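*Asks:* See work-v8.cif below, with mmCIF, C-alpha atoms.
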```cif
data_input
#
loop_
_atom_site.label_atom_id
_atom_site.label_comp_id
_atom_site.auth_asym_id
_atom_site.auth_seq_id
_atom_site.Cartn_x
_atom_site.Cartn_y
_atom_site.Cartn_z
CA MET A 1 -26.13 14.26 47.67
CA HIS A 2 -27.38 10.89 46.60
CA VAL A 3 -25.36 8.03 47.97
CA ASP A 4 -25.93 5.58 45.11
CA THR A 5 -25.56 7.80 42.07
CA THR A 6 -24.87 4.89 39.74
CA GLY A 7 -28.01 3.10 40.93
CA ARG A 8 -30.05 6.25 40.26
CA LEU A 9 -28.49 6.60 36.83
CA ARG A 10 -29.32 3.00 35.94
CA ARG A 11 -32.99 3.60 36.75
CA GLN A 12 -32.97 6.89 34.85
CA LEU A 13 -31.41 5.33 31.74
CA ALA A 14 -33.85 2.40 31.86
CA PHE A 15 -36.71 4.92 31.97
CA LEU A 16 -35.25 6.91 29.06
CA GLY A 17 -34.97 3.69 27.06
CA GLU A 18 -38.54 2.63 27.88
CA ILE A 19 -40.13 5.95 26.87
CA ASP A 20 -38.71 5.54 23.36
CA ARG A 21 -41.95 3.63 22.77
CA LEU A 22 -43.91 6.91 22.67
CA LYS A 23 -42.50 7.25 19.14
CA LEU A 24 -44.61 4.21 18.18
CA VAL A 25 -47.93 5.60 19.50
CA LEU A 26 -49.83 6.95 16.49
CA ARG A 27 -52.31 9.82 16.73
CA ARG A 28 -55.28 10.43 14.43
CA THR A 29 -53.77 13.69 13.20
CA PRO A 30 -51.36 13.58 10.25
CA VAL A 31 -48.05 15.37 9.86
CA ALA A 32 -48.57 18.65 8.04
CA ASP A 33 -47.73 17.33 4.57
CA GLY A 34 -50.36 14.61 5.02
CA SER A 35 -47.90 11.80 4.22
CA ARG A 36 -48.49 9.79 7.40
CA GLN A 37 -50.01 9.91 10.90
CA GLU A 38 -48.01 11.75 13.48
CA ASN A 39 -46.82 10.04 16.65
CA SER A 40 -47.12 11.25 20.22
CA ALA A 41 -43.38 11.87 20.69
CA GLU A 42 -43.04 14.29 17.77
CA HIS A 43 -46.39 15.84 18.77
CA SER A 44 -44.94 16.48 22.25
CA TRP A 45 -41.86 18.10 20.70
CA HIS A 46 -44.10 20.35 18.62
CA LEU A 47 -45.90 21.49 21.79
CA ALA A 48 -42.56 22.29 23.43
CA VAL A 49 -41.49 24.64 20.63
CA ALA A 50 -44.98 26.16 20.67
CA ALA A 51 -44.62 26.77 24.41
CA VAL A 52 -41.42 28.76 23.82
CA VAL A 53 -42.87 30.72 20.90
CA LEU A 54 -46.28 31.52 22.44
CA ALA A 55 -45.38 31.99 26.11
CA GLU A 56 -45.60 35.79 25.74
CA HIS A 57 -49.35 35.45 25.10
CA ALA A 58 -50.01 33.30 28.18
CA ALA A 59 -51.04 34.56 31.61
CA PRO A 60 -48.15 36.38 33.33
CA ASP A 61 -47.89 33.74 36.07
CA VAL A 62 -47.16 30.89 33.63
CA ALA A 63 -43.62 29.62 34.22
CA VAL A 64 -42.24 28.54 30.83
CA GLU A 65 -39.96 25.94 32.41
CA ARG A 66 -42.86 24.12 34.04
CA ALA A 67 -44.92 24.38 30.85
CA LEU A 68 -42.03 22.79 28.91
CA GLN A 69 -41.65 19.99 31.44
CA MET A 70 -45.40 19.40 31.38
CA VAL A 71 -45.80 19.18 27.61
CA VAL A 72 -42.89 16.78 27.10
CA VAL A 73 -44.26 14.49 29.84
CA HIS A 74 -48.04 14.81 29.32
CA ASP A 75 -48.49 11.96 26.81
CA LEU A 76 -46.10 9.38 28.29
CA VAL A 77 -49.00 7.37 29.73
CA GLU A 78 -50.05 6.60 26.14
CA ILE A 79 -47.15 4.12 25.96
CA ASP A 80 -49.38 1.70 27.89
CA ALA A 81 -52.82 3.27 27.48
CA GLY A 82 -52.67 4.27 23.79
CA ASP A 83 -53.80 7.51 22.25
CA THR A 84 -57.54 8.08 22.57
CA PHE A 85 -59.18 10.05 19.75
CA ALA A 86 -60.67 13.16 21.30
CA TYR A 87 -63.85 12.95 19.23
CA ASP A 88 -64.57 9.27 20.09
CA ALA A 89 -66.73 9.24 23.24
CA ALA A 90 -66.86 5.44 23.52
CA ALA A 91 -63.08 5.08 23.34
CA ASN A 92 -62.75 7.61 26.15
CA LEU A 93 -64.58 5.32 28.60
CA GLY A 94 -62.01 3.87 30.99
CA ARG A 95 -59.29 6.14 29.63
CA VAL A 96 -58.52 7.70 33.02
CA GLU A 97 -58.17 4.32 34.74
CA ARG A 98 -55.87 2.97 32.00
CA GLU A 99 -53.72 6.08 32.14
CA ILE A 100 -53.37 6.01 35.93
CA LEU A 101 -52.06 2.44 35.77
CA ALA A 102 -49.66 3.55 33.02
CA ALA A 103 -48.42 6.48 35.12
CA GLU A 104 -47.79 4.20 38.07
CA ARG A 105 -45.77 1.73 36.02
CA LEU A 106 -43.78 4.20 33.91
CA PHE A 107 -43.00 6.88 36.47
CA GLY A 108 -42.33 4.05 38.94
CA MET A 109 -39.25 3.17 36.89
CA LEU A 110 -37.65 6.41 38.10
CA PRO A 111 -36.05 7.03 41.51
CA ASP A 112 -38.84 7.70 44.05
CA ASP A 113 -38.37 11.48 44.22
CA GLN A 114 -38.50 11.81 40.43
CA ARG A 115 -41.50 9.50 40.23
CA GLU A 116 -43.32 12.06 42.38
CA VAL A 117 -42.13 14.99 40.23
CA PHE A 118 -43.32 13.34 37.00
CA ARG A 119 -46.60 12.24 38.54
CA ALA A 120 -47.23 15.76 39.83
CA LEU A 121 -46.59 17.23 36.36
CA TRP A 122 -49.00 14.76 34.77
CA ASP A 123 -51.66 15.15 37.49
CA GLU A 124 -51.50 18.93 37.16
CA PHE A 125 -51.91 18.70 33.39
CA GLU A 126 -54.85 16.31 33.69
CA ALA A 127 -56.60 18.44 36.33
CA GLY A 128 -56.16 21.54 34.17
CA GLU A 129 -56.75 23.93 37.05
CA THR A 130 -53.51 25.94 37.22
CA PRO A 131 -52.47 28.66 34.74
CA VAL A 132 -49.55 26.56 33.48
CA ALA A 133 -51.75 23.49 32.96
CA ARG A 134 -54.33 25.60 31.13
CA PHE A 135 -51.57 26.93 28.87
CA ALA A 136 -50.24 23.42 28.20
CA ILE A 137 -53.76 22.14 27.42
CA ALA A 138 -54.33 25.07 25.06
CA LEU A 139 -51.13 24.15 23.16
CA ASP A 140 -52.28 20.51 23.05
CA ARG A 141 -55.50 21.69 21.35
CA LEU A 142 -53.82 24.23 19.05
CA GLN A 143 -51.22 21.88 17.56
CA PRO A 144 -53.71 19.47 15.89
CA LEU A 145 -55.61 22.52 14.60
CA LEU A 146 -52.44 23.72 12.85
CA VAL A 147 -51.54 20.35 11.32
CA ASN A 148 -55.11 19.52 10.27
CA ASP A 149 -55.34 22.95 8.63
CA LEU A 150 -52.10 22.36 6.70
CA ALA A 151 -53.02 18.75 5.82
CA ASN A 152 -56.30 19.58 4.02
CA GLY A 153 -58.50 18.83 7.01
CA GLY A 154 -56.59 15.82 8.32
CA SER A 155 -58.47 13.98 11.06
CA TRP A 156 -61.48 16.36 10.86
CA ARG A 157 -62.19 15.34 7.29
CA ALA A 158 -61.28 11.68 7.80
CA HIS A 159 -63.73 11.32 10.68
CA GLY A 160 -66.48 13.81 9.77
CA VAL A 161 -65.93 16.08 12.74
CA SER A 162 -68.36 19.00 13.09
CA ARG A 163 -67.75 22.71 13.67
CA ALA A 164 -69.42 22.50 17.08
CA GLN A 165 -67.15 19.61 18.09
CA VAL A 166 -64.00 21.44 16.96
CA LEU A 167 -65.01 24.65 18.72
CA ALA A 168 -65.77 22.79 21.95
CA ARG A 169 -62.36 21.10 21.70
CA MET A 170 -60.56 24.41 21.02
CA ARG A 171 -62.37 26.35 23.77
CA PRO A 172 -59.48 26.09 26.33
CA ILE A 173 -57.42 28.27 23.98
CA GLU A 174 -59.85 31.16 24.44
CA ARG A 175 -59.13 31.33 28.16
CA ALA A 176 -55.41 30.46 28.23
CA ILE A 177 -54.23 32.36 25.13
CA PRO A 178 -57.04 34.86 24.47
CA ALA A 179 -55.15 36.81 21.80
CA LEU A 180 -55.09 33.63 19.72
CA TRP A 181 -58.83 33.00 19.72
CA PRO A 182 -59.72 35.17 16.67
CA LEU A 183 -57.11 33.27 14.63
CA VAL A 184 -58.49 29.94 15.82
CA LEU A 185 -61.96 31.00 14.63
CA GLU A 186 -60.46 32.11 11.32
CA ILE A 187 -58.81 28.70 10.80
CA VAL A 188 -62.00 26.85 11.78
CA ASP A 189 -64.15 28.97 9.45
CA ARG A 190 -61.71 28.51 6.56
CA ASN A 191 -61.92 24.74 7.01
CA CYS A 192 -65.71 24.87 7.18
CA GLU A 193 -65.77 26.77 3.87
CA ARG A 194 -63.46 24.17 2.31
CA GLY A 195 -65.68 21.35 3.51
CA HIS A 196 -62.96 19.98 5.81
CA ILE A 197 -65.06 20.55 8.93
CA MET A 198 -68.76 19.60 8.84
CA VAL A 199 -71.15 22.51 9.27
CA GLU A 200 -74.32 21.49 11.10
CA THR A 201 -77.66 22.10 9.47
CA ARG A 202 -80.57 22.73 11.80
CA MET B 1 -46.88 45.47 25.04
CA HIS B 2 -46.75 44.64 21.37
CA VAL B 3 -48.93 46.86 19.23
CA ASP B 4 -49.71 44.36 16.48
CA THR B 5 -50.37 41.19 18.48
CA THR B 6 -52.32 39.53 15.68
CA GLY B 7 -49.49 40.20 13.21
CA ARG B 8 -47.02 38.61 15.65
CA LEU B 9 -49.30 35.62 16.13
CA ARG B 10 -49.63 35.10 12.37
CA ARG B 11 -45.85 34.92 12.05
CA GLN B 12 -45.58 32.64 15.06
CA LEU B 13 -48.24 30.23 13.75
CA ALA B 14 -46.61 30.20 10.28
CA PHE B 15 -43.31 29.26 11.95
CA LEU B 16 -44.99 26.51 14.00
CA GLY B 17 -46.53 25.14 10.82
CA GLU B 18 -43.22 25.23 8.94
CA ILE B 19 -41.23 23.41 11.61
CA ASP B 20 -43.58 20.42 11.34
CA ARG B 21 -41.17 19.36 8.58
CA LEU B 22 -38.58 18.35 11.20
CA LYS B 23 -40.76 15.23 11.62
CA LEU B 24 -39.75 14.25 8.06
CA VAL B 25 -35.97 14.53 8.62
CA LEU B 26 -34.67 11.00 9.18
CA ARG B 27 -31.63 10.21 11.27
CA ARG B 28 -29.31 7.21 10.90
CA THR B 29 -30.28 5.93 14.34
CA PRO B 30 -33.34 3.69 14.63
CA VAL B 31 -36.12 3.82 17.20
CA ALA B 32 -35.33 1.47 20.07
CA ASP B 33 -37.36 -1.48 18.74
CA GLY B 34 -35.43 -1.26 15.47
CA SER B 35 -38.59 -1.06 13.35
CA ARG B 36 -37.66 2.17 11.53
CA GLN B 37 -35.28 5.14 11.51
CA GLU B 38 -36.04 7.85 14.02
CA ASN B 39 -36.73 11.43 12.94
CA SER B 40 -35.21 14.60 14.32
CA ALA B 41 -38.43 15.84 15.93
CA GLU B 42 -38.95 12.78 18.10
CA HIS B 43 -35.19 12.72 18.81
CA SER B 44 -35.47 16.31 20.08
CA TRP B 45 -38.38 15.30 22.34
CA HIS B 46 -36.30 12.44 23.73
CA LEU B 47 -33.51 14.90 24.61
CA ALA B 48 -36.01 17.15 26.38
CA VAL B 49 -37.20 14.39 28.71
CA ALA B 50 -33.57 13.36 29.24
CA ALA B 51 -32.78 16.96 30.23
CA VAL B 52 -35.45 16.86 32.94
CA VAL B 53 -34.41 13.42 34.21
CA LEU B 54 -30.64 13.98 34.19
CA ALA B 55 -30.38 17.65 35.18
CA GLU B 56 -29.38 16.69 38.73
CA HIS B 57 -26.12 15.25 37.36
CA ALA B 58 -25.18 18.38 35.37
CA ALA B 59 -23.02 21.24 36.60
CA PRO B 60 -24.84 23.32 39.25
CA ASP B 61 -24.97 26.38 36.97
CA VAL B 62 -26.97 24.61 34.24
CA ALA B 63 -30.43 26.21 34.00
CA VAL B 64 -32.88 23.44 33.08
CA GLU B 65 -35.21 25.88 31.32
CA ARG B 66 -32.50 27.01 28.91
CA ALA B 67 -31.35 23.43 28.36
CA LEU B 68 -34.93 22.48 27.45
CA GLN B 69 -35.29 25.39 25.06
CA MET B 70 -31.94 24.54 23.49
CA VAL B 71 -32.62 20.86 22.88
CA VAL B 72 -36.04 21.40 21.30
CA VAL B 73 -34.57 24.06 18.96
CA HIS B 74 -31.11 22.61 18.23
CA ASP B 75 -32.02 20.49 15.17
CA LEU B 76 -34.48 22.86 13.44
CA VAL B 77 -31.85 23.85 10.85
CA GLU B 78 -32.01 20.27 9.55
CA ILE B 79 -35.34 21.14 7.92
CA ASP B 80 -33.32 22.82 5.15
CA ALA B 81 -29.83 21.38 5.72
CA GLY B 82 -30.72 17.73 6.41
CA ASP B 83 -29.31 15.49 9.11
CA THR B 84 -25.58 14.85 8.70
CA PHE B 85 -24.34 11.46 9.92
CA ALA B 86 -21.80 12.14 12.65
CA TYR B 87 -19.42 9.44 11.43
CA ASP B 88 -19.39 10.61 7.77
CA ALA B 89 -16.54 13.14 7.43
CA ALA B 90 -17.23 13.93 3.76
CA ALA B 91 -20.90 14.72 4.39
CA ASN B 92 -19.85 17.12 7.14
CA LEU B 93 -18.05 19.39 4.65
CA GLY B 94 -20.15 22.51 4.13
CA ARG B 95 -22.51 21.50 6.92
CA VAL B 96 -21.98 24.72 8.89
CA GLU B 97 -22.66 26.96 5.88
CA ARG B 98 -25.85 25.04 4.98
CA GLU B 99 -27.08 25.24 8.55
CA ILE B 100 -26.43 28.98 8.89
CA LEU B 101 -28.54 29.65 5.79
CA ALA B 102 -31.24 27.43 7.26
CA ALA B 103 -31.15 29.30 10.57
CA GLU B 104 -31.52 32.63 8.79
CA ARG B 105 -34.51 31.48 6.79
CA LEU B 106 -36.34 29.56 9.52
CA PHE B 107 -35.77 31.82 12.50
CA GLY B 108 -36.40 34.77 10.16
CA MET B 109 -40.04 33.65 9.97
CA LEU B 110 -40.46 34.71 13.61
CA PRO B 111 -40.90 38.29 14.90
CA ASP B 112 -37.46 39.97 15.01
CA ASP B 113 -36.96 39.70 18.78
CA GLN B 114 -37.77 35.98 18.76
CA ARG B 115 -35.57 35.41 15.72
CA GLU B 116 -32.69 36.66 17.88
CA VAL B 117 -33.69 34.46 20.83
CA PHE B 118 -33.83 31.31 18.68
CA ARG B 119 -30.61 32.19 16.87
CA ALA B 120 -28.84 32.76 20.18
CA LEU B 121 -30.01 29.37 21.48
CA TRP B 122 -28.76 27.62 18.35
CA ASP B 123 -25.45 29.55 18.23
CA GLU B 124 -24.81 28.73 21.88
CA PHE B 125 -25.47 25.03 21.25
CA GLU B 126 -23.20 24.99 18.20
CA ALA B 127 -20.37 26.80 20.01
CA GLY B 128 -20.63 24.38 22.93
CA GLU B 129 -18.77 26.64 25.31
CA THR B 130 -21.27 27.28 28.10
CA PRO B 131 -22.26 24.76 30.79
CA VAL B 132 -25.81 24.55 29.44
CA ALA B 133 -24.62 23.97 25.87
CA ARG B 134 -22.21 21.29 27.08
CA PHE B 135 -25.06 19.57 28.91
CA ALA B 136 -27.31 19.75 25.81
CA ILE B 137 -24.53 18.36 23.61
CA ALA B 138 -23.93 15.52 26.08
CA LEU B 139 -27.64 14.59 25.89
CA ASP B 140 -27.45 14.74 22.08
CA ARG B 141 -24.61 12.17 22.22
CA LEU B 142 -26.19 9.99 24.92
CA GLN B 143 -29.58 9.52 23.21
CA PRO B 144 -28.25 7.68 20.12
CA LEU B 145 -26.10 5.54 22.45
CA LEU B 146 -29.25 4.45 24.29
CA VAL B 147 -31.30 3.67 21.17
CA ASN B 148 -28.43 1.94 19.35
CA ASP B 149 -27.83 -0.19 22.44
CA LEU B 150 -31.53 -1.20 22.58
CA ALA B 151 -31.74 -1.74 18.80
CA ASN B 152 -28.97 -4.36 18.58
CA GLY B 153 -26.29 -1.92 17.52
CA GLY B 154 -28.44 0.24 15.22
CA SER B 155 -26.37 2.71 13.19
CA TRP B 156 -23.06 1.45 14.65
CA ARG B 157 -23.58 -1.99 13.21
CA ALA B 158 -25.16 -0.78 9.96
CA HIS B 159 -22.18 1.49 9.21
CA GLY B 160 -19.29 -0.42 10.79
CA VAL B 161 -18.46 2.24 13.36
CA SER B 162 -15.41 1.58 15.56
CA ARG B 163 -14.96 1.74 19.32
CA ALA B 164 -12.55 4.66 18.95
CA GLN B 165 -15.09 6.58 16.87
CA VAL B 166 -17.88 5.98 19.35
CA LEU B 167 -15.73 6.96 22.33
CA ALA B 168 -14.58 10.17 20.60
CA ARG B 169 -18.23 10.98 19.84
CA MET B 170 -19.32 10.27 23.46
CA ARG B 171 -16.45 12.20 25.07
CA PRO B 172 -18.53 15.39 25.79
CA ILE B 173 -20.58 13.29 28.24
CA GLU B 174 -17.51 12.75 30.40
CA ARG B 175 -17.14 16.48 31.08
CA ALA B 176 -20.81 17.55 31.21
CA ILE B 177 -22.29 14.56 33.10
CA PRO B 178 -19.24 12.91 34.69
CA ALA B 179 -21.26 10.50 36.86
CA LEU B 180 -22.61 8.97 33.66
CA TRP B 181 -19.24 8.17 32.07
CA PRO B 182 -18.72 4.73 33.67
CA LEU B 183 -22.16 3.65 32.39
CA VAL B 184 -21.32 4.95 28.90
CA LEU B 185 -18.16 2.83 28.90
CA GLU B 186 -20.18 -0.15 30.12
CA ILE B 187 -22.65 0.23 27.22
CA VAL B 188 -19.85 0.68 24.68
CA ASP B 189 -17.97 -2.37 25.97
CA ARG B 190 -21.13 -4.50 25.93
CA ASN B 191 -21.70 -3.57 22.29
CA CYS B 192 -18.07 -4.34 21.43
CA GLU B 193 -18.44 -7.78 22.97
CA ARG B 194 -21.62 -8.39 20.98
CA GLY B 195 -19.90 -7.33 17.76
CA HIS B 196 -22.17 -4.28 17.35
CA ILE B 197 -19.24 -1.86 17.58
CA MET B 198 -16.02 -2.69 15.68
CA VAL B 199 -13.00 -3.28 17.87
CA GLU B 200 -9.76 -2.12 16.23
CA THR B 201 -6.95 -4.62 15.83
CA ARG B 202 -3.43 -3.24 15.97
#
```
What would the structure in this file look like if it were written as C-alpha cells?

*Replies:*
Amino acid sequence: MHVDTTGRLRRQLAFLGEIDRLKLVLRRTPVADGSRQENSAEHSWHLAVAAVVLAEHAAPDVAVERALQMVVVHDLVEIDAGDTFAYDAAANLGRVEREILAAERLFGMLPDDQREVFRALWDEFEAGETPVARFAIALDRLQPLLVNDLANGGSWRAHGVSRAQVLARMRPIERAIPALWPLVLEIVDRNCERGHIMVETR
Amino acid sequence: MHVDTTGRLRRQLAFLGEIDRLKLVLRRTPVADGSRQENSAEHSWHLAVAAVVLAEHAAPDVAVERALQMVVVHDLVEIDAGDTFAYDAAANLGRVEREILAAERLFGMLPDDQREVFRALWDEFEAGETPVARFAIALDRLQPLLVNDLANGGSWRAHGVSRAQVLARMRPIERAIPALWPLVLEIVDRNCERGHIMVETR
C-alpha cells in the first residue's frame, strides 16, 4: 500500500495532462486520406491496435500486454525532442541525447517506481534486443508503410525516398513478423511501379 | 496453425488501413492547449497511457492487458457512427443502433475469430458490468475532465454544461477508481469557481 495515495494521484494526473502534447507532434507521414500530417499520439494508437491484431504472427514469447505498453509509451520523448524523420540522417544527429533528456524530464513527473517502469519500457524499445521490442519496432515500421500506401505515396513521394531506403527501414519486419514480409515487398513494389517510391538506376 | 496465413494477413492489413479513419472523427473536447478539437484516435491513445498509469488504483481483478485492448478498440464504431456528444440527449437517440451496424461492418473486415474477439471487447465496454469495463469507462470519463480543465473549460464552457451534468457523467470514476474521486470533485469545483462549469441556482 502507498501511504500518500492522493500525492501519487496528483503526480499521475499532472503527467497525463503533460503528455497531451504528443497530439501536437507532427510526423512526416500523412493520415491515410492524405488530408493532413498525422501526429505521434494517433500514430501510437494505431500501433496499439496493430499489436492486438498482429500478435498471432509474432514470436511465441512476445507478451501482448508488454507490447501494448511499449507502443503507447515509445514516442513520448518526442514531446520535448520532436519527431525525427527516419530518412533524414543529419536530423538524426543528437537525437539520442535529446530523447534521453526528454525521458528524464517526462517520466520524472511520475512517482519514482513508475518512472522506472516507463523508462524501462522506453529503453527496451530503443535497444530493440528483446522479442517484444522487435515486435514493437516492426509495428512502428509497418504503420507508415500502410498509411503511405493508402495516401498515394505520402512521405515517400514528398521526400523522394528510394526503394533501398524503404527496404532497409522495413527490414525489422522480416525478422519479427516473418509471415508479413511478402506483403511488405508487394506494397513496396506496387509503390515503385506507381512512381511513389524512387527506383535506383545503376 | 492457420492454413491461409497470407489471406488472414490481407484482411488484417485492410482492417488496419480502414481504422485510420478514426483519426478524422472529431470530439467536442479540445486538446489541452485549446488549439483544436481532439480526435477519437488520439483520445483512445490517451486512455491507454492512463490505463497503465492508473491501474494500481483499480479493483485488484482488473487485468491491465484487457483494459488496454478495450480502450484502444472502444471508439472504433465512431468511424461509421460518429462521435456523439455526451451532453446532447437528442443526438444520443439511435446511437446504439448506428454503432451496432458499425461494429458489424468494421469488425467483420477481420478474420472470423478476431471479429468475435473485437466484438466481445466492445460489447463488454458498452455493457459496463465487469470490473475491467468499469475501469475503462472511468478512464473514458476522466480524460475529457483533464483536457477540459487544462483548456480553460473546453467543451463545458462552449456548451454551457452544468455541475450536475458533469458530476453525473463522472460518477463511474467514484466506483471504479475510488481514490480518484476527491480529486475529480476538486477539479469540478475549481472549474465552477472559474465559471467554466455552470452552477445551478435554485

*Asks:* Given the PyMOL selection byres ((chain B) within 9 of (chain A)) and the file above, list the residues it selects as a ChimeraX atom specification.

*Replies:* /B:5-6,9-10,12-13,16-24,31-33,38-46,48-50,52-54,57,64-66,68-69,72-73,110,114,143,146-147,150,179-180,182-183

*Asks:* For a quick check of understanding, using all atoms listed in the file, which of A:Glu124, A:Phe135, A:Cys192, A:Glu174 has the smallest distance to Gly153 in chain A?

*Replies:*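 Residue with the minimum atom-to-atom distance to Gly153 in chain A: A:Cys192.
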
*Asks:* Record the distance separating CA of Asp61 in chain A and CA of Pro131 in chain A, expressed in Å with one decimal.

*Replies:*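 Spanning CA of Asp61 in chain A to CA of Pro131 in chain A is a straight-line distance of 7.0 Å.
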
*Asks:* Could you work out how far CA of Ala91 in chain B lies from CA of Arg105 in chain B, giving the answer in Å with one decimal?

*Replies:*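 For CA of Arg105 in chain B relative to CA of Ala91 in chain B, the distance reads 21.7 Å.
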
*Asks:* Which residues fall under the PyMOL selection byres ((chain A and resi 159-164) around 10) in this file, as a PyMOL selection string?

*Replies:* chain A and resi 28+87-88+153-158+165-170+188-189+191-192+195-200

*Asks:* Could you write out that same residue set with C-alpha atoms as a PDB file, keeping the file's coordinate frame?

*Replies:*
```pdb
ATOM      1  CA  ARG A  28     -55.280  10.430  14.430  1.00  0.00           C
ATOM      2  CA  TYR A  87     -63.850  12.950  19.230  1.00  0.00           C
ATOM      3  CA  ASP A  88     -64.570   9.270  20.090  1.00  0.00           C
ATOM      4  CA  GLY A 153     -58.500  18.830   7.010  1.00  0.00           C
ATOM      5  CA  GLY A 154     -56.590  15.820   8.320  1.00  0.00           C
ATOM      6  CA  SER A 155     -58.470  13.980  11.060  1.00  0.00           C
ATOM      7  CA  TRP A 156     -61.480  16.360  10.860  1.00  0.00           C
ATOM      8  CA  ARG A 157     -62.190  15.340   7.290  1.00  0.00           C
ATOM      9  CA  ALA A 158     -61.280  11.680   7.800  1.00  0.00           C
ATOM     10  CA  GLN A 165     -67.150  19.610  18.090  1.00  0.00           C
ATOM     11  CA  VAL A 166     -64.000  21.440  16.960  1.00  0.00           C
ATOM     12  CA  LEU A 167     -65.010  24.650  18.720  1.00  0.00           C
ATOM     13  CA  ALA A 168     -65.770  22.790  21.950  1.00  0.00           C
ATOM     14  CA  ARG A 169     -62.360  21.100  21.700  1.00  0.00           C
ATOM     15  CA  MET A 170     -60.560  24.410  21.020  1.00  0.00           C
ATOM     16  CA  VAL A 188     -62.000  26.850  11.780  1.00  0.00           C
ATOM     17  CA  ASP A 189     -64.150  28.970   9.450  1.00  0.00           C
ATOM     18  CA  ASN A 191     -61.920  24.740   7.010  1.00  0.00           C
ATOM     19  CA  CYS A 192     -65.710  24.870   7.180  1.00  0.00           C
ATOM     20  CA  GLY A 195     -65.680  21.350   3.510  1.00  0.00           C
ATOM     21  CA  HIS A 196     -62.960  19.980   5.810  1.00  0.00           C
ATOM     22  CA  ILE A 197     -65.060  20.550   8.930  1.00  0.00           C
ATOM     23  CA  MET A 198     -68.760  19.600   8.840  1.00  0.00           C
ATOM     24  CA  VAL A 199     -71.150  22.510   9.270  1.00  0.00           C
ATOM     25  CA  GLU A 200     -74.320  21.490  11.100  1.00  0.00           C
TER      26      GLU A 200
END
```
